[in-house]
file work-v9.cif (mmCIF, C-alpha atoms)
data_work
#
loop_
_atom_site.label_atom_id
_atom_site.label_comp_id
_atom_site.auth_asym_id
_atom_site.auth_seq_id
_atom_site.Cartn_x
_atom_site.Cartn_y
_atom_site.Cartn_z
CA LEU A 1 -10.80 -28.33 -27.58
CA ASP A 2 -7.21 -29.02 -28.59
CA HIS A 3 -5.49 -32.26 -27.60
CA VAL A 4 -3.82 -30.72 -24.51
CA HIS A 5 -7.10 -29.51 -23.05
CA MET A 6 -8.79 -32.82 -23.90
CA PHE A 7 -6.03 -34.62 -22.01
CA TRP A 8 -6.53 -32.53 -18.86
CA LEU A 9 -10.30 -32.86 -19.08
CA SER A 10 -9.95 -36.65 -19.23
CA PHE A 11 -7.34 -36.63 -16.44
CA MET A 12 -9.50 -34.61 -14.08
CA LYS A 13 -12.47 -36.89 -14.68
CA THR A 14 -10.49 -40.09 -14.08
CA GLN A 15 -8.98 -38.65 -10.88
CA HIS A 16 -12.47 -37.80 -9.60
CA ILE A 17 -11.62 -34.10 -9.51
CA SER A 18 -14.59 -31.81 -9.77
CA TYR A 19 -13.44 -29.52 -12.57
CA MET A 20 -16.56 -27.40 -12.21
CA SER A 21 -15.72 -26.83 -8.54
CA VAL A 22 -12.83 -24.86 -7.11
CA CYS A 23 -11.40 -27.31 -4.60
CA PHE A 24 -9.78 -30.71 -4.95
CA SER A 25 -11.87 -33.22 -3.05
CA SER A 26 -8.71 -34.61 -1.42
CA ASN A 27 -7.71 -31.24 0.06
CA PRO A 28 -10.47 -28.68 0.55
CA HIS A 29 -7.90 -26.06 1.59
CA MET A 30 -5.96 -26.16 -1.69
CA TYR A 31 -7.41 -24.84 -4.93
CA ASN A 32 -7.08 -26.52 -8.30
CA ASN A 33 -4.59 -24.05 -9.71
CA GLN A 34 -2.52 -24.24 -6.51
CA LYS A 35 -2.27 -28.01 -6.88
CA ALA A 36 -1.31 -27.58 -10.53
CA ALA A 37 1.26 -24.94 -9.56
CA TRP A 38 2.87 -27.23 -6.99
CA GLY A 39 3.17 -29.86 -9.73
CA GLY A 40 4.52 -27.32 -12.24
CA HIS A 41 1.79 -28.09 -14.81
CA VAL A 42 1.58 -24.99 -17.01
CA SER A 43 -0.79 -26.59 -19.52
CA LEU A 44 -3.23 -27.45 -16.70
CA LEU A 45 -2.95 -23.92 -15.32
CA ARG A 46 -3.79 -22.55 -18.78
CA TYR A 47 -6.73 -24.95 -19.11
CA LEU A 48 -8.14 -23.94 -15.72
CA ARG A 49 -7.81 -20.27 -16.61
CA ASP A 50 -9.27 -20.46 -20.12
CA TYR A 51 -12.13 -22.90 -19.50
CA HIS A 52 -13.01 -22.37 -15.83
CA ASN A 53 -11.90 -18.78 -15.27
CA LEU A 54 -9.54 -19.72 -12.43
CA LEU A 55 -7.13 -16.90 -11.68
CA ASP A 56 -4.42 -16.79 -9.07
CA ASP A 57 -6.56 -14.74 -6.70
CA LYS A 58 -6.96 -17.00 -3.67
CA GLN A 59 -4.61 -17.88 -0.83
CA ASP A 60 -4.27 -21.21 0.92
CA MET A 61 -4.30 -21.66 4.70
CA ALA A 62 -0.67 -20.50 4.92
CA GLY A 63 -1.34 -17.36 2.88
CA ASN A 64 0.30 -18.67 -0.31
CA TYR A 65 -0.93 -17.91 -3.79
CA ALA A 66 -0.37 -20.48 -6.54
CA ALA A 67 2.60 -18.37 -7.68
CA ASP A 68 4.16 -18.71 -4.21
CA LEU A 69 3.87 -22.50 -4.37
CA ALA A 70 5.48 -22.65 -7.82
CA ARG A 71 8.31 -20.38 -6.66
CA MET A 72 8.98 -22.48 -3.55
CA ALA A 73 9.21 -25.70 -5.58
CA ASN A 74 12.27 -24.06 -7.18
CA THR A 75 12.88 -26.10 -10.35
CA SER A 76 13.16 -24.95 -13.97
CA ARG A 77 9.68 -26.30 -14.72
CA HIS A 78 8.21 -24.54 -11.70
CA SER A 79 9.96 -21.30 -12.67
CA VAL A 80 7.99 -21.37 -15.93
CA ALA A 81 4.78 -22.00 -13.98
CA PHE A 82 5.64 -19.13 -11.60
CA LEU A 83 6.05 -16.66 -14.47
CA PHE A 84 2.87 -17.90 -16.15
CA LEU A 85 0.88 -17.38 -12.96
CA LEU A 86 2.40 -13.97 -12.30
CA GLU A 87 1.92 -12.65 -15.84
CA GLU A 88 -1.02 -14.61 -17.23
CA CYS A 89 -3.26 -15.44 -14.25
CA SER A 90 -3.18 -12.35 -12.08
CA THR A 91 -6.22 -10.28 -11.18
CA ALA A 92 -4.24 -7.26 -12.38
CA ARG A 93 -4.08 -8.77 -15.87
CA ALA A 94 -7.79 -9.65 -15.75
CA THR A 95 -8.61 -6.07 -14.80
CA SER A 96 -6.54 -4.63 -17.65
CA CYS A 97 -8.07 -7.07 -20.13
CA ALA A 98 -11.54 -6.10 -18.96
CA VAL A 99 -10.79 -2.44 -19.66
CA LEU A 100 -9.85 -3.35 -23.24
CA GLY A 101 -12.75 -5.79 -23.56
CA VAL A 102 -10.61 -8.86 -24.34
CA PRO A 103 -10.34 -12.27 -22.62
CA VAL A 104 -7.54 -12.85 -20.11
CA GLY A 105 -5.74 -15.20 -22.47
CA ALA A 106 -5.84 -12.77 -25.42
CA SER A 107 -2.76 -12.54 -27.65
CA MET A 108 -0.77 -9.35 -28.12
CA ASP A 109 -2.31 -8.84 -31.58
CA VAL A 110 -5.84 -9.03 -30.15
CA ILE A 111 -4.88 -6.67 -27.32
CA ARG A 112 -3.35 -4.16 -29.74
CA LYS A 113 -6.37 -4.18 -32.06
CA ALA A 114 -8.76 -3.72 -29.15
CA TYR A 115 -6.71 -0.80 -27.86
CA LEU A 116 -6.60 0.94 -31.25
CA ASN A 117 -10.35 0.54 -31.72
CA LYS A 118 -11.14 2.03 -28.33
CA ALA A 119 -8.47 4.72 -28.62
CA ARG A 120 -10.03 6.03 -31.82
CA VAL A 121 -13.23 6.68 -29.87
CA LEU A 122 -11.81 7.82 -26.53
CA HIS A 123 -8.74 9.83 -27.56
CA PRO A 124 -9.07 13.41 -26.21
CA ASP A 125 -8.08 14.99 -29.53
CA ARG A 126 -10.88 13.18 -31.33
CA ARG A 127 -13.56 13.94 -28.73
CA GLN A 128 -12.60 17.56 -28.23
CA GLY A 129 -14.37 18.67 -31.37
CA LEU A 130 -17.42 16.53 -30.61
CA GLN A 131 -18.08 17.61 -27.03
CA ASN A 132 -18.39 21.12 -25.69
CA ASP A 133 -19.34 20.04 -22.19
CA THR A 134 -16.25 20.43 -19.96
CA GLU A 135 -17.46 17.81 -17.46
CA THR A 136 -17.99 15.28 -20.24
CA GLN A 137 -14.51 16.05 -21.60
CA VAL A 138 -12.92 15.36 -18.20
CA VAL A 139 -14.69 12.00 -18.00
CA SER A 140 -13.47 11.16 -21.49
CA ASP A 141 -9.89 12.05 -20.58
CA THR A 142 -10.11 9.79 -17.54
CA GLU A 143 -11.46 6.91 -19.61
CA PHE A 144 -8.66 7.25 -22.13
CA ASP A 145 -6.03 7.43 -19.41
CA ARG A 146 -7.43 4.23 -17.90
CA LEU A 147 -7.36 2.60 -21.33
CA ARG A 148 -3.76 3.67 -21.93
CA LYS A 149 -2.57 2.39 -18.54
CA ALA A 150 -4.28 -0.97 -19.09
CA TYR A 151 -2.65 -1.31 -22.51
CA GLU A 152 0.79 -0.40 -21.16
CA HIS A 153 0.37 -2.85 -18.30
CA LEU A 154 -0.35 -5.67 -20.73
CA THR A 155 2.28 -4.81 -23.33
CA LEU A 156 5.14 -3.21 -21.42
CA GLU A 157 4.75 -5.09 -18.13
CA ASN A 158 3.39 -8.36 -19.57
CA GLY A 159 0.31 -8.06 -17.37
CA VAL A 160 2.34 -8.94 -14.29
CA GLY A 161 0.50 -9.21 -10.98
CA SER A 162 1.60 -8.90 -7.38
CA GLN A 163 0.63 -12.28 -5.95
CA CYS A 164 2.84 -12.89 -2.93
CA ASN A 165 2.34 -14.29 0.52
CA PRO A 166 2.69 -11.17 2.70
CA SER A 167 4.79 -13.08 5.24
CA HIS A 168 7.38 -13.61 2.48
CA SER A 169 7.98 -9.85 2.36
CA ILE A 170 11.12 -9.27 4.40
CA SER A 171 10.38 -5.56 4.80
CA LEU A 172 6.90 -6.29 6.19
CA MET A 173 8.25 -8.95 8.57
CA LEU A 174 10.95 -6.57 9.77
CA GLU A 175 8.31 -3.93 10.46
CA LEU A 176 6.24 -6.38 12.48
CA ASN A 177 9.32 -6.98 14.64
CA ALA A 178 10.31 -3.32 14.70
CA SER A 179 10.54 -3.13 18.47
CA SER A 180 13.58 -5.39 18.45
CA ASN A 181 14.97 -4.60 15.01
CA HIS A 182 18.13 -2.72 14.21
CA VAL A 183 16.75 -1.89 10.76
CA LYS A 184 13.50 -0.10 11.63
CA GLN A 185 10.92 0.16 8.85
CA ASN A 186 11.18 3.96 8.68
CA ASP A 187 14.93 3.70 8.22
CA TYR A 188 14.43 0.91 5.69
CA ASN A 189 12.10 3.05 3.59
CA LYS A 190 14.69 5.82 3.48
CA LEU A 191 17.35 3.53 2.04
CA PRO A 192 18.07 3.72 -1.73
CA ASN A 193 16.87 0.77 -3.79
CA ASP A 194 20.32 -0.79 -4.13
CA ALA A 195 20.80 -0.66 -0.35
CA LYS A 196 17.38 -2.29 0.19
CA GLU A 197 18.36 -5.12 -2.15
CA GLU A 198 21.61 -5.56 -0.25
CA VAL A 199 19.74 -5.83 3.07
CA GLU A 200 17.17 -8.30 1.73
CA SER A 201 19.69 -10.57 0.00
CA ALA A 202 22.31 -10.50 2.74
CA PRO A 203 23.13 -13.76 4.57
CA ILE A 204 21.16 -13.95 7.79
CA ILE A 205 24.04 -14.90 10.03
CA PRO A 206 27.45 -15.49 8.39
CA ASN A 207 27.58 -19.19 7.56
CA ASP A 208 31.28 -19.92 7.80
CA CYS A 209 30.97 -22.90 10.13
CA ASP A 210 34.75 -23.20 10.70
CA ASN A 211 35.16 -19.69 12.08
CA PRO A 212 31.74 -18.07 12.49
CA PRO A 213 32.04 -14.32 13.14
CA THR A 214 29.86 -12.63 15.72
CA PRO A 215 26.47 -11.89 14.10
CA THR A 216 25.41 -8.26 13.94
CA THR A 217 22.06 -6.99 15.20
CA GLN A 218 20.91 -6.74 11.58
CA ASP A 219 21.90 -10.37 10.97
CA VAL A 220 19.85 -11.52 13.94
CA ASP A 221 16.85 -9.38 12.99
CA LEU A 222 16.80 -10.81 9.47
CA PHE A 223 17.11 -14.32 10.89
CA LYS A 224 14.11 -13.73 13.17
CA ALA A 225 12.00 -12.26 10.36
CA ARG A 226 12.74 -15.12 7.99
CA LEU A 227 12.28 -17.79 10.66
CA LEU A 228 8.86 -16.39 11.59
CA ALA A 229 7.84 -16.41 7.91
CA VAL A 230 8.76 -20.10 7.74
CA LEU A 231 6.79 -20.93 10.89
CA LEU A 232 3.71 -19.00 9.73
CA GLU A 233 3.41 -21.48 6.84
CA TYR A 234 2.04 -23.83 9.52
CA GLY A 235 0.02 -21.37 11.56
CA ASP A 236 -0.03 -21.52 15.34
CA LYS A 237 0.94 -25.19 15.58
CA GLY A 238 4.54 -24.52 14.57
CA LEU A 239 7.00 -26.72 12.71
CA SER A 240 9.06 -29.69 13.90
CA LEU A 241 12.70 -28.82 14.44
CA CYS A 242 13.93 -31.45 11.97
CA ASN A 243 11.98 -29.78 9.12
CA ILE A 244 13.05 -26.18 9.77
CA LYS A 245 15.96 -26.15 7.31
CA LYS A 246 14.01 -27.90 4.55
CA LYS A 247 11.11 -25.45 4.74
CA TRP A 248 13.53 -22.51 5.05
CA GLN A 249 15.15 -23.50 1.76
CA GLN A 250 11.74 -23.45 0.05
CA VAL A 251 10.65 -20.06 1.39
CA TRP A 252 14.08 -18.36 1.20
CA PRO A 253 16.03 -20.11 -1.61
CA ASP A 254 18.42 -17.14 -1.94
CA ALA A 255 19.18 -16.87 1.78
CA PRO A 256 20.72 -20.14 3.05
CA PHE A 257 20.12 -21.16 6.63
CA PRO A 258 23.19 -20.18 8.66
CA GLN A 259 25.67 -22.85 9.66
CA PHE A 260 26.06 -22.86 13.41
CA ALA A 261 28.52 -25.70 14.04
CA ASN A 262 30.88 -28.11 12.33
CA THR A 263 29.16 -31.08 10.71
CA SER A 264 30.51 -34.62 10.83
CA VAL A 265 31.91 -36.39 7.78
CA GLY A 266 30.23 -39.61 6.77
CA LYS A 267 26.88 -41.08 7.81
CA PRO A 268 25.97 -39.80 11.26
CA ASN A 269 24.71 -42.11 13.98
CA ASN A 270 21.66 -41.36 16.11
CA ASN A 271 23.75 -39.75 18.85
CA LYS A 272 25.33 -37.32 16.38
CA GLN A 273 21.93 -36.55 14.91
CA GLN A 274 20.59 -35.86 18.37
CA LYS A 275 23.54 -33.58 19.12
CA ARG A 276 22.97 -31.63 15.91
CA LYS A 277 19.28 -31.22 16.76
CA GLY A 278 20.29 -29.99 20.21
CA LYS A 279 22.72 -27.49 18.70
CA LEU A 280 20.07 -26.29 16.24
CA ALA A 281 17.58 -25.83 19.06
CA GLU A 282 20.13 -23.88 21.11
CA PHE A 283 21.02 -21.76 18.08
CA ILE A 284 17.36 -20.85 17.53
CA LYS A 285 16.82 -20.14 21.22
CA SER A 286 19.89 -17.92 21.50
CA ASN A 287 19.19 -15.91 18.32
CA ALA A 288 15.38 -15.84 18.22
CA GLY A 289 14.27 -16.86 21.69
CA ASP A 290 12.35 -13.63 22.15
CA VAL A 291 10.04 -14.35 19.18
CA VAL A 292 9.81 -18.19 19.10
CA ASP A 293 9.58 -21.08 21.54
CA VAL A 294 11.12 -24.53 21.20
CA VAL A 295 8.73 -26.95 22.92
CA LYS A 296 8.66 -30.69 23.50
CA LYS A 297 5.78 -32.78 22.20
CA GLU A 298 5.24 -36.42 23.09
CA LEU A 299 5.26 -39.03 20.36
CA GLU A 300 1.95 -40.82 19.90
CA ASN A 301 1.81 -44.51 20.91
CA GLN A 302 5.50 -44.65 21.82
CA ASN A 303 7.97 -43.32 24.32
CA GLY A 304 9.94 -40.21 23.56
CA TYR A 305 9.34 -36.72 22.30
CA TYR A 306 10.15 -34.39 19.44
CA LEU A 307 10.89 -30.67 19.32
CA VAL A 308 8.59 -28.11 17.70
CA VAL A 309 9.37 -24.46 16.98
CA VAL A 310 6.37 -22.15 17.40
CA PRO A 311 5.98 -18.37 17.16
CA LYS A 312 5.47 -16.71 20.55
CA HIS A 313 3.36 -13.71 19.67
CA LEU A 314 3.14 -13.20 15.89
CA ARG A 315 0.20 -14.80 14.10
CA LYS A 316 -0.92 -14.96 10.49
CA VAL A 317 -3.78 -12.57 11.28
CA HIS A 318 -1.25 -9.91 12.33
CA VAL A 319 0.52 -10.20 8.97
CA GLU A 320 -2.78 -9.98 7.09
CA GLU A 321 -3.86 -6.93 9.09
CA LYS A 322 -0.55 -5.16 8.44
CA GLN A 323 -0.77 -5.98 4.74
CA ARG A 324 -4.27 -4.47 4.56
CA VAL A 325 -3.04 -1.29 6.24
CA LEU A 326 -0.11 -0.97 3.83
CA SER A 327 -2.33 -1.66 0.82
CA PHE A 328 -4.83 0.96 2.00
CA GLN A 329 -2.05 3.54 2.46
CA GLU A 330 -0.55 2.74 -0.94
CA HIS A 331 -3.96 3.03 -2.62
CA HIS A 332 -4.58 6.46 -1.13
CA VAL A 333 -1.09 7.66 -2.08
CA VAL A 334 -1.77 6.65 -5.70
CA GLU A 335 -5.15 8.44 -5.63
CA LYS A 336 -3.53 11.65 -4.36
CA VAL A 337 -0.88 11.49 -7.08
#
call {"tool": "encode", "arguments": {"input": "work-v9.cif", "output": "structure tokens"}}
result
Amino acid sequence: LDHVHMFWLSFMKTQHISYMSVCFSSNPHMYNNQKAAWGGHVSLLRYLRDYHNLLDDKQDMAGNYAADLARMANTSRHSVAFLFLLEECSTARATSCAVLGVPVGASMDVIRKAYLNKARVLHPDRRQGLQNDTETQVVSDTEFDRLRKAYEHLTLENGVGSQCNPSHSISLMLELNASSNHVKQNDYNKLPNDAKEEVESAPIIPNDCDNPPTPTTQDVDLFKARLLAVLLEYGDKGLSLCNIKKKWQQVWPDAPFPQFANTSVGKPNNNKQQKRKGKLAEFIKSNAGDVVDVVKKELENQNGYYLVVVPKHLRKVHVEEKQRVLSFQEHHVVEKV
């Protein structure tokens, strides 16, 4: 082992982390590479992949892959971890490497040599003179095509995978709320790619707090879809009102939460904080009251209450079911092509 891997081996032992197991003992719902991703530790991610075969192929309780967690941390170090997970730890890369017969962490030189060796045997031009059986020739052509696609995936696409929490797909969330959406999924699919990007990156509700214009139906629909994605990070229990903006910024770093009122200058007192919370609650109720509830929960061992935002009807299981349907449809479209 090199010194980096020896360091992580020692670290995991001293922290009482079972490196032969998948889960951290402190959090059975978070996998080792997800914890490393949240910390932005690329060298640990590489160690877990190379020595314990841990790929980014499992989701946590909120539906996040390790790549999702690295992306939401949103620092330069985590951006490196995000790309490493997407390109070097995906099941798509592992599948392509298996076709070529090389390990997941193989270098480009090793990948190229493996491809050339197999191509010499499987190339249709070479096998045509050796086989007269038409059925055997078709099988050979299919094997070579599979080999070529795996090689191109690793070299031209850097082995990139598709790990993404399905609730972070704005198009999928819009479809799940299609009954109240201005941008229906069928209409969305008909849009050109540049128009889709414009819809997905557009501000939810114009955030000019001095003179806020009237939000359009599309603005409100996008706000609902993104708010539900934030809440689904916490399942059915919802999220406290005071943490909505913070979690929103993690899930949707390129779509700022809309400003709904003027903010005070200087350090606010408790009354001003309470007023802002009340305005935020009213804003959510007025723009997304048909899909979420704002409920009061009593504080434990003290007087008072706090506000929690919970989804009314949509659950994580609905998102997972829709994702399975879309994946099934996409798979069959590819097979037909």
call {"tool": "resolve_selection", "arguments": {"input": "work-v9.cif", "expression": "the PyMOL selection byres ((chain A and resi 240) around 6)", "output": "number ranges by chain"}}
result
A: 239, 241-243, 307-308
call {"tool": "write_last_selection", "arguments": {"input": "work-v9.cif", "atoms": "C-alpha atoms", "output": "PDB file, in the frame of the given file"}}
result
ATOM      1  CA  LEU A 239       7.000 -26.720  12.710  1.00  0.00           C
ATOM      2  CA  LEU A 241      12.700 -28.820  14.440  1.00  0.00           C
ATOM      3  CA  CYS A 242      13.930 -31.450  11.970  1.00  0.00           C
ATOM      4  CA  ASN A 243      11.980 -29.780   9.120  1.00  0.00           C
ATOM      5  CA  LEU A 307      10.890 -30.670  19.320  1.00  0.00           C
ATOM      6  CA  VAL A 308       8.590 -28.110  17.700  1.00  0.00           C
TER       7      VAL A 308
END
call {"tool": "resolve_selection", "arguments": {"input": "work-v9.cif", "expression": "the PyMOL selection byres ((chain A and resi 291) around 7)", "output": "PyMOL selection string"}}
result
chain A and resi 288-290+292+311-313
call {"tool": "residues_around", "arguments": {"input": "work-v9.cif", "residues": "Val102 (chain A)", "least_positions_apart": "2", "cutoff": "12 Å", "atoms": "only C-alpha atoms", "output": "PyMOL selection string"}}
result
chain A and resi 93-100+104-115+117-118+150-151+154
call {"tool": "residues_around", "arguments": {"input": "work-v9.cif", "residues": "Leu222 (chain A)", "least_positions_apart": "4", "cutoff": "8 Å", "atoms": "all atoms listed in the file", "output": "PDB file with C-alpha atoms, in the frame of the given file"}}
result
ATOM      1  CA  ILE A 170      11.120  -9.270   4.400  1.00  0.00           C
ATOM      2  CA  LEU A 174      10.950  -6.570   9.770  1.00  0.00           C
ATOM      3  CA  ILE A 204      21.160 -13.950   7.790  1.00  0.00           C
ATOM      4  CA  GLN A 218      20.910  -6.740  11.580  1.00  0.00           C
ATOM      5  CA  ARG A 226      12.740 -15.120   7.990  1.00  0.00           C
TER       6      ARG A 226
END
call {"tool": "atom_distance", "arguments": {"input": "work-v9.cif", "atom1": "CA of Ile244 (chain A)", "atom2": "CA of Lys285 (chain A)"}}
result
13.5 Å
call {"tool": "closest_residue", "arguments": {"input": "work-v9.cif", "among": "A:Asn33, A:Asn64, A:Ser79, A:Thr216", "to": "Ala229 (chain A)", "atoms": "all atoms listed in the file"}}
result
A:Asn64
call {"tool": "atom_distance", "arguments": {"input": "work-v9.cif", "atom1": "CA of Ala62 (chain A)", "atom2": "CA of Val295 (chain A)"}}
result
21.3 Å
call {"tool": "atom_distance", "arguments": {"input": "work-v9.cif", "atom1": "CA of Phe84 (chain A)", "atom2": "CA of Pro253 (chain A)"}}
result
19.7 Å
call {"tool": "resolve_selection", "arguments": {"input": "work-v9.cif", "expression": "the PyMOL selection byres ((chain A and resi 297) around 12)", "output": "list in words"}}
result
Lys237, Gly238, Leu239, Ser240, Leu241, Val294, Val295, Lys296, Glu298, Leu299, Glu300, Gln302, Asn303, Gly304, Tyr305, Tyr306, Leu307, Val308, Val309 and Val310 of chain A
call {"tool": "residues_around", "arguments": {"input": "work-v9.cif", "residues": "Gln163 (chain A)", "least_positions_apart": "4", "cutoff": "8 Å", "atoms": "all atoms listed in the file", "output": "list in words"}}
result
Asp56, Asp57, Tyr65, Ala67, Asp68, Leu86 and Ser90 of chain A
call {"tool": "residues_near_point", "arguments": {"input": "work-v9.cif", "point": "(2.5, -11.8, -16.1)", "cutoff": "8 Å", "atoms": "all atoms listed in the file", "output": "VMD selection string"}}
result
chain A and resid 83 to 90 93 157 to 161
call {"tool": "residues_around", "arguments": {"input": "work-v9.cif", "residues": "Trp248 (chain A)", "least_positions_apart": "4", "cutoff": "7 Å", "atoms": "only C-alpha atoms", "output": "number ranges by chain"}}
result
A: 230, 244, 252, 257
call {"tool": "closest_residue", "arguments": {"input": "work-v9.cif", "among": "A:Pro166, A:Gly101, A:Gly40, A:Pro124", "to": "Val325 (chain A)", "atoms": "all atoms listed in the file"}}
result
A:Pro166
call {"tool": "residues_around", "arguments": {"input": "work-v9.cif", "residues": "Ala36 (chain A)", "least_positions_apart": "4", "cutoff": "12 Å", "atoms": "all atoms listed in the file", "output": "ChimeraX atom specification"}}
result
/A:8,12,23-24,30-32,40-49,54,56,65-67,69-70,73,77-78,81-82,84-85
